[in-house]
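Undergrad: Following this line is target20.cif, made up of mmCIF, C-alpha atoms and all ligand atoms:
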data_work
#
loop_
_atom_site.label_atom_id
_atom_site.label_comp_id
_atom_site.auth_asym_id
_atom_site.auth_seq_id
_atom_site.Cartn_x
_atom_site.Cartn_y
_atom_site.Cartn_z
CA MET O 1 96.07 35.03 -8.58
CA LEU O 2 96.68 38.76 -8.06
CA THR O 3 98.07 41.26 -10.53
CA LYS O 4 98.60 44.96 -10.06
CA ASN O 5 97.80 47.44 -12.81
CA THR O 6 100.17 50.35 -13.20
CA ALA O 7 98.03 52.42 -15.59
CA CYS O 8 94.40 53.53 -15.81
CA ARG O 9 92.38 50.92 -17.70
CA ASP O 10 90.46 53.60 -19.60
CA CYS O 11 92.99 56.29 -20.54
CA GLY O 12 96.38 54.71 -19.84
CA SER O 13 97.52 57.40 -17.39
CA SER O 14 99.87 56.29 -14.63
CA LYS O 15 98.58 59.01 -12.29
CA LEU O 16 96.40 56.91 -10.02
CA THR O 17 95.52 58.24 -6.58
CA LEU O 18 94.46 55.96 -3.72
CA PHE O 19 91.46 57.46 -1.93
CA LEU O 20 89.74 54.64 -0.03
CA ASP O 21 91.55 51.69 1.55
CA LEU O 22 88.94 49.12 2.57
CA SER O 23 91.66 46.81 3.97
CA ASP O 24 92.57 43.30 2.80
CA GLN O 25 89.42 41.29 2.20
CA PRO O 26 88.49 37.89 0.79
CA PRO O 27 86.42 37.96 -2.45
CA ALA O 28 82.93 39.16 -1.49
CA ASN O 29 81.14 36.16 -2.99
CA ALA O 30 83.48 33.55 -1.48
CA PHE O 31 81.07 32.22 1.16
CA LEU O 32 82.64 29.41 3.16
CA THR O 33 81.30 25.95 3.86
CA LYS O 34 81.62 24.59 7.39
CA GLU O 35 84.57 22.45 6.25
CA ALA O 36 86.36 25.39 4.58
CA LEU O 37 85.85 27.43 7.72
CA ALA O 38 87.36 24.66 9.86
CA ASP O 39 90.22 24.39 7.38
CA GLY O 40 91.13 27.98 8.20
CA HIS O 41 92.54 28.92 4.80
CA GLU O 42 91.04 32.08 3.43
CA THR O 43 92.91 34.33 1.05
CA ARG O 44 92.58 38.07 1.42
CA TYR O 45 93.46 40.62 -1.23
CA PRO O 46 93.90 44.38 -1.02
CA LEU O 47 90.63 46.26 -1.60
CA LYS O 48 91.71 49.78 -2.42
CA ALA O 49 89.85 52.31 -4.54
CA TYR O 50 91.88 54.61 -6.79
CA VAL O 51 90.87 57.51 -8.99
CA CYS O 52 92.67 58.37 -12.21
CA GLU O 53 93.91 61.94 -12.12
CA ASP O 54 93.50 62.28 -15.89
CA CYS O 55 90.08 60.76 -16.68
CA GLN O 56 88.70 60.24 -13.11
CA LEU O 57 87.80 56.61 -13.63
CA VAL O 58 87.34 55.07 -10.17
CA GLN O 59 89.06 51.72 -10.18
CA LEU O 60 90.76 48.91 -8.32
CA ILE O 61 94.28 48.26 -9.52
CA ASP O 62 94.77 45.08 -7.48
CA VAL O 63 93.10 42.60 -9.79
CA VAL O 64 92.16 39.13 -8.54
CA ASP O 65 92.23 36.42 -11.20
CA LEU O 66 88.75 35.98 -12.71
CA ASP O 67 88.97 32.20 -12.55
CA THR O 68 89.32 32.41 -8.79
CA LEU O 69 86.27 34.62 -8.57
CA PHE O 70 83.97 33.22 -11.19
CA GLN O 71 84.59 29.49 -11.51
CA ASP O 72 81.71 28.62 -9.25
CA TYR O 73 79.84 31.87 -9.21
CA VAL O 74 76.91 31.78 -6.80
CA TYR O 75 74.97 34.76 -8.14
CA LEU O 76 72.25 33.34 -10.32
CA THR O 77 70.06 36.04 -11.79
CA ALA O 78 66.89 33.95 -11.61
CA GLY O 79 67.04 33.78 -7.86
CA ALA O 80 68.95 36.95 -7.15
CA GLY O 81 66.26 39.25 -5.88
CA PRO O 82 62.62 40.15 -6.05
CA THR O 83 62.86 42.61 -8.95
CA THR O 84 65.16 40.80 -11.37
CA PRO O 85 62.91 38.76 -13.67
CA LYS O 86 60.39 41.57 -14.30
CA HIS O 87 63.24 43.98 -14.82
CA PHE O 88 64.78 41.71 -17.46
CA THR O 89 61.50 41.26 -19.32
CA GLU O 90 60.90 45.00 -19.46
CA TYR O 91 64.53 45.64 -20.35
CA ALA O 92 64.45 43.20 -23.28
CA GLU O 93 61.11 44.50 -24.51
CA SER O 94 62.19 48.14 -24.44
CA ILE O 95 65.51 47.46 -26.17
CA ALA O 96 63.93 45.19 -28.79
CA LYS O 97 61.36 47.90 -29.54
CA ARG O 98 63.88 50.75 -29.66
CA PHE O 99 66.21 48.96 -32.09
CA ALA O 100 63.46 47.15 -34.01
CA LEU O 101 64.91 43.74 -33.19
CA GLY O 102 63.09 40.74 -34.60
CA LYS O 103 63.52 37.25 -35.91
CA ASN O 104 66.43 38.17 -38.16
CA SER O 105 68.38 39.98 -35.47
CA PHE O 106 71.42 38.66 -33.64
CA VAL O 107 71.82 39.49 -29.96
CA VAL O 108 74.99 38.71 -28.01
CA GLU O 109 75.22 39.10 -24.26
CA ILE O 110 78.50 39.59 -22.41
CA GLY O 111 78.46 38.03 -18.95
CA SER O 112 75.17 36.32 -19.73
CA ASN O 113 75.06 34.41 -16.43
CA ASP O 114 72.26 31.81 -16.45
CA GLY O 115 70.80 33.25 -19.66
CA LEU O 116 67.77 34.95 -18.16
CA LEU O 117 68.08 38.22 -20.06
CA LEU O 118 68.74 36.46 -23.37
CA SER O 119 65.73 34.22 -22.79
CA ALA O 120 63.69 37.43 -22.43
CA PHE O 121 64.96 38.44 -25.91
CA GLN O 122 64.06 34.98 -27.22
CA LYS O 123 60.52 35.67 -25.98
CA CYS O 124 60.65 38.98 -27.94
CA ASP O 125 60.92 36.92 -31.13
CA VAL O 126 64.71 37.23 -31.49
CA LYS O 127 65.68 33.78 -32.73
CA LYS O 128 69.43 34.16 -32.77
CA VAL O 129 71.01 34.83 -29.39
CA LEU O 130 74.37 33.91 -27.93
CA GLY O 131 75.65 34.30 -24.40
CA VAL O 132 79.28 34.56 -23.35
CA ASP O 133 80.13 33.92 -19.72
CA PRO O 134 83.32 32.74 -18.02
CA ALA O 135 81.52 30.74 -15.31
CA LYS O 136 81.14 27.17 -16.49
CA ASN O 137 78.38 26.22 -14.06
CA VAL O 138 76.05 29.07 -15.03
CA ALA O 139 76.83 28.67 -18.76
CA LYS O 140 75.75 25.05 -18.46
CA ILE O 141 72.47 26.08 -16.79
CA ALA O 142 71.81 28.52 -19.67
CA ASN O 143 72.60 25.90 -22.33
CA ASP O 144 70.39 23.34 -20.60
CA ARG O 145 67.54 25.88 -20.61
CA GLY O 146 67.87 26.46 -24.35
CA THR O 147 69.93 29.66 -24.41
CA PRO O 148 73.17 28.98 -26.33
CA THR O 149 76.12 30.13 -24.22
CA LEU O 150 79.90 29.98 -24.59
CA ALA O 151 81.72 29.34 -21.31
CA GLU O 152 84.57 31.78 -21.96
CA PRO O 153 85.65 35.23 -20.91
CA TRP O 154 84.75 38.08 -23.27
CA GLY O 155 87.55 39.43 -25.42
CA GLU O 156 88.64 40.35 -28.93
CA ALA O 157 89.51 36.77 -29.96
CA VAL O 158 86.13 35.33 -28.99
CA ALA O 159 84.29 38.32 -30.55
CA LYS O 160 86.10 37.81 -33.87
CA ARG O 161 85.27 34.12 -33.82
CA ILE O 162 81.58 34.82 -33.15
CA ALA O 163 81.50 37.39 -36.00
CA LYS O 164 83.04 34.85 -38.36
CA GLU O 165 80.72 32.01 -37.38
CA HIS O 166 77.45 33.91 -36.86
CA GLY O 167 77.86 37.34 -38.47
CA LYS O 168 77.87 40.78 -36.85
CA ALA O 169 75.62 41.49 -33.88
CA ASP O 170 72.72 43.95 -34.03
CA LEU O 171 72.87 44.22 -30.27
CA ILE O 172 75.66 43.52 -27.82
CA ILE O 173 74.36 43.75 -24.32
CA GLY O 174 76.09 43.60 -20.95
CA ASN O 175 74.26 43.63 -17.65
CA ASN O 176 76.55 44.52 -14.76
CA VAL O 177 79.60 43.19 -16.54
CA VAL O 178 81.65 46.15 -17.81
CA ALA O 179 82.62 46.97 -14.23
CA HIS O 180 83.96 43.41 -13.87
CA ILE O 181 86.30 43.57 -16.87
CA ASN O 182 89.91 44.51 -16.26
CA ASP O 183 91.06 45.15 -19.82
CA HIS O 184 88.75 47.87 -21.11
CA GLN O 185 90.84 48.34 -24.26
CA ASP O 186 90.25 44.69 -25.19
CA LEU O 187 86.57 45.00 -24.21
CA VAL O 188 86.10 47.86 -26.69
CA ARG O 189 88.17 46.20 -29.44
CA ALA O 190 85.95 43.12 -29.02
CA VAL O 191 82.79 45.21 -29.31
CA LYS O 192 84.18 46.80 -32.50
CA ALA O 193 84.96 43.38 -33.96
CA LEU O 194 81.38 42.19 -33.52
CA LEU O 195 79.13 45.25 -33.79
CA ALA O 196 77.05 45.60 -36.98
CA PRO O 197 77.18 49.04 -38.71
CA LYS O 198 73.80 50.08 -37.28
CA GLY O 199 74.19 47.98 -34.13
CA ALA O 200 74.26 49.11 -30.53
CA PHE O 201 76.31 48.12 -27.52
CA VAL O 202 74.10 48.63 -24.47
CA PHE O 203 75.21 48.02 -20.94
CA GLU O 204 74.11 48.62 -17.38
CA ALA O 205 76.48 49.26 -14.54
CA PRO O 206 76.42 50.72 -11.04
CA TYR O 207 76.78 54.47 -11.39
CA LEU O 208 79.47 56.42 -9.54
CA VAL O 209 77.03 59.25 -8.80
CA ASP O 210 75.13 56.88 -6.53
CA MET O 211 78.26 56.31 -4.50
CA PHE O 212 78.38 60.06 -3.84
CA GLU O 213 74.65 60.55 -3.29
CA ASN O 214 73.97 57.46 -1.18
CA LEU O 215 77.45 56.81 0.13
CA SER O 216 77.24 53.31 -1.35
CA PHE O 217 80.97 52.64 -0.99
CA ASP O 218 80.07 49.01 -0.21
CA THR O 219 79.55 48.44 -3.95
CA ILE O 220 83.35 48.40 -4.11
CA TYR O 221 84.49 44.78 -4.07
CA HIS O 222 87.05 42.76 -5.99
CA GLU O 223 84.67 41.85 -8.81
CA HIS O 224 83.77 45.48 -9.42
CA LEU O 225 87.05 46.60 -10.90
CA SER O 226 85.67 49.98 -11.91
CA CYS O 227 82.93 52.26 -10.67
CA LEU O 228 81.67 53.76 -13.87
CA ALA O 229 80.71 57.28 -14.81
CA VAL O 230 79.80 58.83 -18.14
CA ARG O 231 82.81 61.15 -18.54
CA PRO O 232 85.60 58.53 -18.40
CA LEU O 233 83.63 56.04 -20.51
CA LYS O 234 82.84 58.61 -23.18
CA ARG O 235 86.54 59.36 -23.45
CA LEU O 236 87.36 55.62 -23.64
CA PHE O 237 84.87 54.86 -26.43
CA GLU O 238 85.80 57.98 -28.39
CA SER O 239 89.47 57.02 -28.23
CA HIS O 240 88.47 53.85 -30.13
CA GLY O 241 86.33 55.69 -32.69
CA LEU O 242 82.97 54.78 -31.15
CA GLN O 243 80.26 57.14 -29.96
CA VAL O 244 78.15 57.22 -26.80
CA PHE O 245 74.70 58.10 -28.15
CA ASP O 246 72.50 57.80 -25.06
CA VAL O 247 72.63 57.34 -21.29
CA ARG O 248 69.81 56.53 -18.92
CA GLY O 249 69.73 56.60 -15.15
CA LYS O 250 68.29 53.40 -13.76
CA SER O 251 67.30 52.23 -10.34
CA VAL O 252 67.39 48.48 -10.19
CA GLN O 253 70.29 47.40 -8.03
CA GLY O 254 70.83 50.60 -6.23
CA ASN O 255 71.27 53.35 -8.78
CA SER O 256 72.85 52.23 -11.98
CA MET O 257 73.19 53.68 -15.44
CA ARG O 258 72.51 52.30 -18.87
CA MET O 259 74.83 53.43 -21.66
CA PHE O 260 74.29 53.16 -25.42
CA VAL O 261 77.30 53.03 -27.75
CA GLY O 262 77.48 52.75 -31.53
CA TRP O 263 79.50 53.67 -34.60
CA PRO O 264 79.75 57.44 -35.25
CA ASP O 265 76.60 58.86 -36.84
CA ALA O 266 74.81 55.49 -36.80
CA HIS O 267 72.46 56.84 -34.12
CA GLU O 268 71.33 60.31 -33.15
CA VAL O 269 73.17 61.51 -30.04
CA HIS O 270 70.67 62.24 -27.30
CA LEU O 271 70.91 65.44 -25.23
CA ARG O 272 71.05 63.25 -22.14
CA VAL O 273 74.71 62.51 -22.94
CA PRO O 274 75.99 66.07 -22.35
CA GLY O 275 73.39 66.32 -19.56
CA PHE O 276 75.04 63.48 -17.63
CA VAL O 277 78.51 64.91 -18.24
CA ASN O 278 77.36 68.29 -16.89
CA LYS O 279 75.82 66.66 -13.85
CA GLU O 280 79.07 64.82 -13.06
CA GLU O 281 81.10 67.99 -13.44
CA GLY O 282 78.56 69.89 -11.34
CA MET O 283 79.19 67.34 -8.57
CA ASN O 284 82.95 67.94 -8.94
CA LEU O 285 83.57 64.35 -10.00
CA ASN O 286 86.25 65.71 -12.31
CA ILE O 287 88.53 66.71 -9.43
CA VAL O 288 90.47 64.42 -7.09
CA PRO O 289 89.70 66.12 -3.71
CA SER O 290 86.03 65.07 -4.11
CA TYR O 291 87.14 61.44 -3.82
CA HIS O 292 89.07 62.06 -0.62
CA ASN O 293 85.93 63.72 0.80
CA LEU O 294 83.90 60.67 -0.15
CA ALA O 295 86.35 58.43 1.71
CA ARG O 296 86.11 60.58 4.84
CA ARG O 297 82.31 60.39 4.71
CA ALA O 298 82.52 56.60 4.38
CA GLU O 299 84.85 56.38 7.39
CA ARG O 300 82.48 58.51 9.47
CA ARG O 301 79.48 56.41 8.46
CA VAL O 302 81.23 53.20 9.43
CA LYS O 303 82.10 54.64 12.83
CA GLU O 304 78.52 55.83 13.36
CA THR O 305 77.23 52.37 12.48
CA THR O 306 79.65 50.42 14.67
CA ASP O 307 79.03 52.84 17.58
CA LEU O 308 75.30 52.23 17.29
CA LEU O 309 75.73 48.46 17.12
CA ALA O 310 78.08 48.49 20.14
CA LYS O 311 75.57 50.54 22.14
CA LEU O 312 72.73 48.16 21.27
CA LYS O 313 74.83 45.13 22.16
CA LYS O 314 75.66 46.71 25.50
CA GLU O 315 71.94 47.10 26.11
CA GLY O 316 71.60 43.37 25.50
CA LYS O 317 69.79 43.68 22.17
CA ARG O 318 69.80 40.85 19.66
CA ILE O 319 70.98 41.91 16.21
CA ALA O 320 71.25 40.07 12.87
CA GLY O 321 71.94 41.06 9.27
CA TYR O 322 69.23 41.20 6.61
CA GLY O 323 70.57 39.82 3.33
CA ALA O 324 73.96 38.38 2.48
CA PRO O 325 74.84 40.26 -0.72
CA ALA O 326 78.44 40.63 -1.89
CA LYS O 327 78.41 44.32 -0.99
CA GLY O 328 77.40 43.47 2.57
CA ASN O 329 80.72 41.71 2.97
CA THR O 330 82.63 44.85 1.97
CA LEU O 331 80.90 46.73 4.77
CA LEU O 332 81.21 43.93 7.35
CA ASN O 333 84.90 43.33 6.64
CA TYR O 334 85.79 47.02 6.53
CA ALA O 335 83.81 47.81 9.69
CA LYS O 336 84.95 44.53 11.34
CA ILE O 337 81.41 43.54 12.23
CA GLY O 338 81.41 39.82 13.04
CA PRO O 339 79.33 37.09 14.71
CA GLU O 340 79.85 38.67 18.14
CA THR O 341 77.59 41.49 16.87
CA LEU O 342 75.38 39.86 14.23
CA GLU O 343 73.95 36.46 15.17
CA TYR O 344 73.41 35.54 11.52
CA LEU O 345 72.72 36.92 8.04
CA THR O 346 69.42 36.06 6.38
CA GLU O 347 69.26 34.83 2.82
CA GLU O 348 66.93 33.11 0.40
CA LEU O 349 69.48 31.80 -2.10
CA PRO O 350 70.05 28.11 -1.34
CA THR O 351 73.65 28.44 -2.56
CA LYS O 352 74.52 30.69 0.39
CA ILE O 353 72.35 29.23 3.19
CA GLY O 354 74.36 27.05 5.59
CA LYS O 355 77.60 28.81 4.68
CA PHE O 356 79.59 31.51 6.45
CA SER O 357 80.25 35.05 5.25
CA PRO O 358 83.73 35.59 3.81
CA GLY O 359 86.12 37.28 6.21
CA MET O 360 83.83 37.81 9.20
CA HIS O 361 82.41 34.25 9.24
CA ILE O 362 78.83 35.09 10.16
CA PRO O 363 76.51 32.10 9.61
CA VAL O 364 74.00 32.50 6.76
CA VAL O 365 70.51 31.20 7.50
CA HIS O 366 67.14 31.24 5.79
CA VAL O 367 65.17 34.43 6.41
CA ASP O 368 62.49 32.31 8.15
CA VAL O 369 64.83 32.03 11.15
CA ALA O 370 64.37 35.77 11.76
CA ARG O 371 60.65 35.55 11.09
CA LYS O 372 60.18 32.73 13.61
CA ASP O 373 62.32 34.24 16.36
CA PRO O 374 62.55 37.98 15.66
CA PRO O 375 65.74 39.75 16.73
CA ASP O 376 65.51 43.29 18.14
CA TYR O 377 67.37 44.79 15.19
CA LEU O 378 68.21 43.80 11.63
CA LEU O 379 71.11 45.51 9.87
CA VAL O 380 69.97 45.83 6.26
CA LEU O 381 72.86 44.81 4.00
CA ALA O 382 70.67 44.33 0.91
CA TRP O 383 69.71 48.02 1.14
CA ASN O 384 68.98 48.26 -2.59
CA TYR O 385 65.84 46.20 -1.89
CA LEU O 386 64.90 48.25 1.20
CA GLU O 387 61.36 49.15 0.13
CA LYS O 388 60.56 45.57 -0.80
CA ILE O 389 62.10 44.29 2.43
CA LEU O 390 60.06 46.64 4.62
CA GLU O 391 56.92 45.66 2.76
CA ARG O 392 57.67 41.97 2.98
CA GLU O 393 58.74 42.04 6.62
CA ASP O 394 55.87 44.17 7.86
CA ALA O 395 54.92 41.43 10.36
CA LEU O 396 58.43 41.57 11.85
CA ARG O 397 58.22 45.33 12.23
CA LYS O 398 54.81 45.06 13.86
CA ARG O 399 56.35 42.66 16.39
CA GLY O 400 58.93 45.32 17.25
CA THR O 401 62.00 44.46 15.13
CA LYS O 402 63.75 47.60 13.92
CA PHE O 403 65.71 47.87 10.69
CA ILE O 404 69.06 49.66 10.65
CA VAL O 405 70.01 50.95 7.21
CA PRO O 406 73.74 51.75 7.09
CA ILE O 407 73.90 52.92 3.48
CA GLY O 408 72.02 55.94 2.16
CA GLU O 409 72.14 59.66 2.68
CA TYR O 410 71.97 59.10 6.48
CA LEU O 411 72.26 56.18 8.87
CA ARG O 412 68.63 55.26 9.46
CA VAL O 413 66.75 53.17 12.03
CA LEU O 414 63.28 52.27 10.77
ZN ZN S 501 92.27 57.40 -16.70
#
Turn this file's structure into structure tokens for me.

TA:
Amino acid sequence: MLTKNTACRDCGSSKLTLFLDLSDQPPANAFLTKEALADGHETRYPLKAYVCEDCQLVQLIDVVDLDTLFQDYVYLTAGAGPTTPKHFTEYAESIAKRFALGKNSFVVEIGSNDGLLLSAFQKCDVKKVLGVDPAKNVAKIANDRGTPTLAEPWGEAVAKRIAKEHGKADLIIGNNVVAHINDHQDLVRAVKALLAPKGAFVFEAPYLVDMFENLSFDTIYHEHLSCLAVRPLKRLFESHGLQVFDVRGKSVQGNSMRMFVGWPDAHEVHLRVPGFVNKEEGMNLNIVPSYHNLARRAERRVKETTDLLAKLKKEGKRIAGYGAPAKGNTLLNYAKIGPETLEYLTEELPTKIGKFSPGMHIPVVHVDVARKDPPDYLLVLAWNYLEKILEREDALRKRGTKFIVPIGEYLRVL
């Protein structure tokens, strides 16, 4: 169930420094049913963030078995949040345009989930698409909807088989998946086995810079095995003879980045690539003490937040959590915020409603519960949707409910 890496997954160095120990936690998406809660068995695993002294990849080295985490994965992209579908349509359209993808192109998605992004490519006239996802339940949903999907983990063997059966891919795409993969060497070998000579491997991932700018340490959870930055990835791809030819900053799920990788000289290298590297070095992300500073800031923020919540409780205020995202559980478990503080967490995903949050066991209810009987304060756990939430819950705010935002440059009460 749990293995421990002894070397950096990007550069192979054994010089890994622990900088943030978020304590033992259950997997952040392992919401419990009433029965499971009564059963009392809940496995916790170390959640410790390390930085590689040689390439500065931020990573977990305690790796929980993917099957445990993904067999019945509850994150379905279609219902994940208010911005997802539009984001996928625009994403597919822009990529299809940039790489002139059409009816003769072959697009493969790693970690294709319920097939929503690939279906957006199908709407862009790409006839041949194939998803690869280890979660059997979501792969089935994709297949049922008409997006062919293999229910397997990504790797060199499956990539070689796809290349043999379907030919090389013009586009390999991965949306929030590279950070989930433990074996980055195998990931890159698999990309090489399947990528057409003029093809592109494009992926989006949460960006380390955001963790420094917004103190979003809660994006560390067992599924996110790495927190990616341009410098370490560039070194990884170059060590395999591939080239990073573009990077974009994105702001969809908090701040993420989109990286473009191809064969050397197949694409013109954009100036943004050295630009991102310079930015990371300018922020001192290439030296280890910066990571210890980040951990101290996270510790201070957690204390500030729990102090505020304790004060409000003492004043008799009613508090609940807004959203039940995986990252919220990192914060709640690390800060030890439980049902004695938060009456419930709101959610709209039917797969989570009626369950209890992993570790702290806070009941998850439909957001209408808060709308019908407004609490005094809502702790915003789904902070990446803050603007949308404030807009949508304007009526709640007008009735006096305040929103506490624990993640961001400062602790905010709105
Ligand atoms: Zn390294």

Undergrad: Would you mind telling me which residue in O:Lys327, O:Trp383, O:Val369, O:Ala266 lies nearest to Leu345 (chain O) when using all atoms listed in the file?

TA: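 That would be O:Val369, the residue with the smallest distance to Leu345 (chain O).
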
Undergrad: Could you give me, as a VMD selection string, every polymer residue with an atom at most 9 Å away from an atom of ligand ZN 501 (chain S), counting all atoms listed in the file?

TA: chain O and resid 7 to 16 51 to 58 232 236

Undergrad: Any chance you could tabulate, as JSON lines, the residues of region 194-269 of chain O at most 10 Å from region 172-179 of chain O with each one's nearest atom pair and distance in Å to one decimal, using all atoms listed in the file, in chain and rising number order?

TA:
{"residue": "O:Leu194", "atom": "CA", "partner": "O:Ile172", "partner_atom": "CA", "distance": 8.2}
{"residue": "O:Leu195", "atom": "CA", "partner": "O:Ile172", "partner_atom": "CA", "distance": 7.1}
{"residue": "O:Ala196", "atom": "CA", "partner": "O:Ile172", "partner_atom": "CA", "distance": 9.5}
{"residue": "O:Gly199", "atom": "CA", "partner": "O:Ile172", "partner_atom": "CA", "distance": 7.9}
{"residue": "O:Ala200", "atom": "CA", "partner": "O:Ile172", "partner_atom": "CA", "distance": 6.4}
{"residue": "O:Phe201", "atom": "CA", "partner": "O:Ile172", "partner_atom": "CA", "distance": 4.7}
{"residue": "O:Val202", "atom": "CA", "partner": "O:Ile173", "partner_atom": "CA", "distance": 4.9}
{"residue": "O:Phe203", "atom": "CA", "partner": "O:Gly174", "partner_atom": "CA", "distance": 4.5}
{"residue": "O:Glu204", "atom": "CA", "partner": "O:Asn175", "partner_atom": "CA", "distance": 5.0}
{"residue": "O:Ala205", "atom": "CA", "partner": "O:Asn176", "partner_atom": "CA", "distance": 4.7}
{"residue": "O:Pro206", "atom": "CA", "partner": "O:Asn176", "partner_atom": "CA", "distance": 7.2}
{"residue": "O:Tyr207", "atom": "CA", "partner": "O:Ala179", "partner_atom": "CA", "distance": 9.9}
{"residue": "O:Glu223", "atom": "CA", "partner": "O:Ala179", "partner_atom": "CA", "distance": 7.7}
{"residue": "O:His224", "atom": "CA", "partner": "O:Ala179", "partner_atom": "CA", "distance": 5.2}
{"residue": "O:Leu225", "atom": "CA", "partner": "O:Ala179", "partner_atom": "CA", "distance": 5.6}
{"residue": "O:Ser226", "atom": "CA", "partner": "O:Ala179", "partner_atom": "CA", "distance": 4.9}
{"residue": "O:Cys227", "atom": "CA", "partner": "O:Ala179", "partner_atom": "CA", "distance": 6.4}
{"residue": "O:Leu228", "atom": "CA", "partner": "O:Ala179", "partner_atom": "CA", "distance": 6.9}
{"residue": "O:Gln253", "atom": "CA", "partner": "O:Asn176", "partner_atom": "CA", "distance": 9.6}
{"residue": "O:Ser256", "atom": "CA", "partner": "O:Asn176", "partner_atom": "CA", "distance": 9.0}
{"residue": "O:Met257", "atom": "CA", "partner": "O:Asn176", "partner_atom": "CA", "distance": 9.8}
{"residue": "O:Arg258", "atom": "CA", "partner": "O:Asn175", "partner_atom": "CA", "distance": 8.9}
{"residue": "O:Met259", "atom": "CA", "partner": "O:Gly174", "partner_atom": "CA", "distance": 9.9}
{"residue": "O:Phe260", "atom": "CA", "partner": "O:Ile173", "partner_atom": "CA", "distance": 9.5}
{"residue": "O:Val261", "atom": "CA", "partner": "O:Ile172", "partner_atom": "CA", "distance": 9.7}

Undergrad: What does the distance from CA of Trp263 (chain O) to CA of His240 (chain O) come to in Å, to one decimal?

TA: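 Computed distance, CA of Trp263 (chain O) to CA of His240 (chain O), equals 10.0 Å.
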
Undergrad: Mind working out the centre and edge lengths of an axis-aligned box for region 166-177 of chain O, all listed atoms inside, 8 Å added to each side, rounded to one decimal in Å and written as JSON?

TA:
{"center_x": 76.2, "center_y": 39.2, "center_z": -26.6, "size_x": 22.9, "size_y": 26.6, "size_z": 39.7}

Undergrad: Of the residues O:Arg231, O:Lys352, O:Arg44, O:Lys103, which is the one nearest to Lys127 (chain O), using all atoms listed in the file?

TA: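 Answer, going by the shortest atom-to-atom distance: O:Lys103.
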
Undergrad: Report as a VMD selection string all protein, DNA and RNA residues lying within 7 Å of Met1 (chain O), evaluated on only C-alpha atoms, omitting residues in the same chain fewer than 2 positions from it.

TA: chain O and resid 3 64 to 65

Undergrad: Please provide as an MDAnalysis selection string all residues within 10 Å of Lys313 (chain O), with the sequence filter that same-chain residues fewer than 4 positions apart are discarded (counting all atoms listed in the file).

TA: chainID O and resid 307:309 317:319 340:342

Undergrad: By how many Å are CA of Tyr45 (chain O) and CA of Gln25 (chain O) apart?

TA: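 So the two atoms, CA of Tyr45 (chain O) and CA of Gln25 (chain O), lie 5.3 Å apart.
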
Undergrad: Between CA of Gln59 (chain O) and CA of Lys4 (chain O), what distance in Å does the model show, to one decimal?

TA: 11.7 Å

Undergrad: For each of O:Lys48, O:His184, O:Lys86, O:Arg392, take the minimum atom-to-atom distance to Arg371 (chain O), counting only C-alpha atoms, then give the residue where this is smallest.

TA: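 Smallest distance to Arg371 (chain O) is found for O:Arg392.
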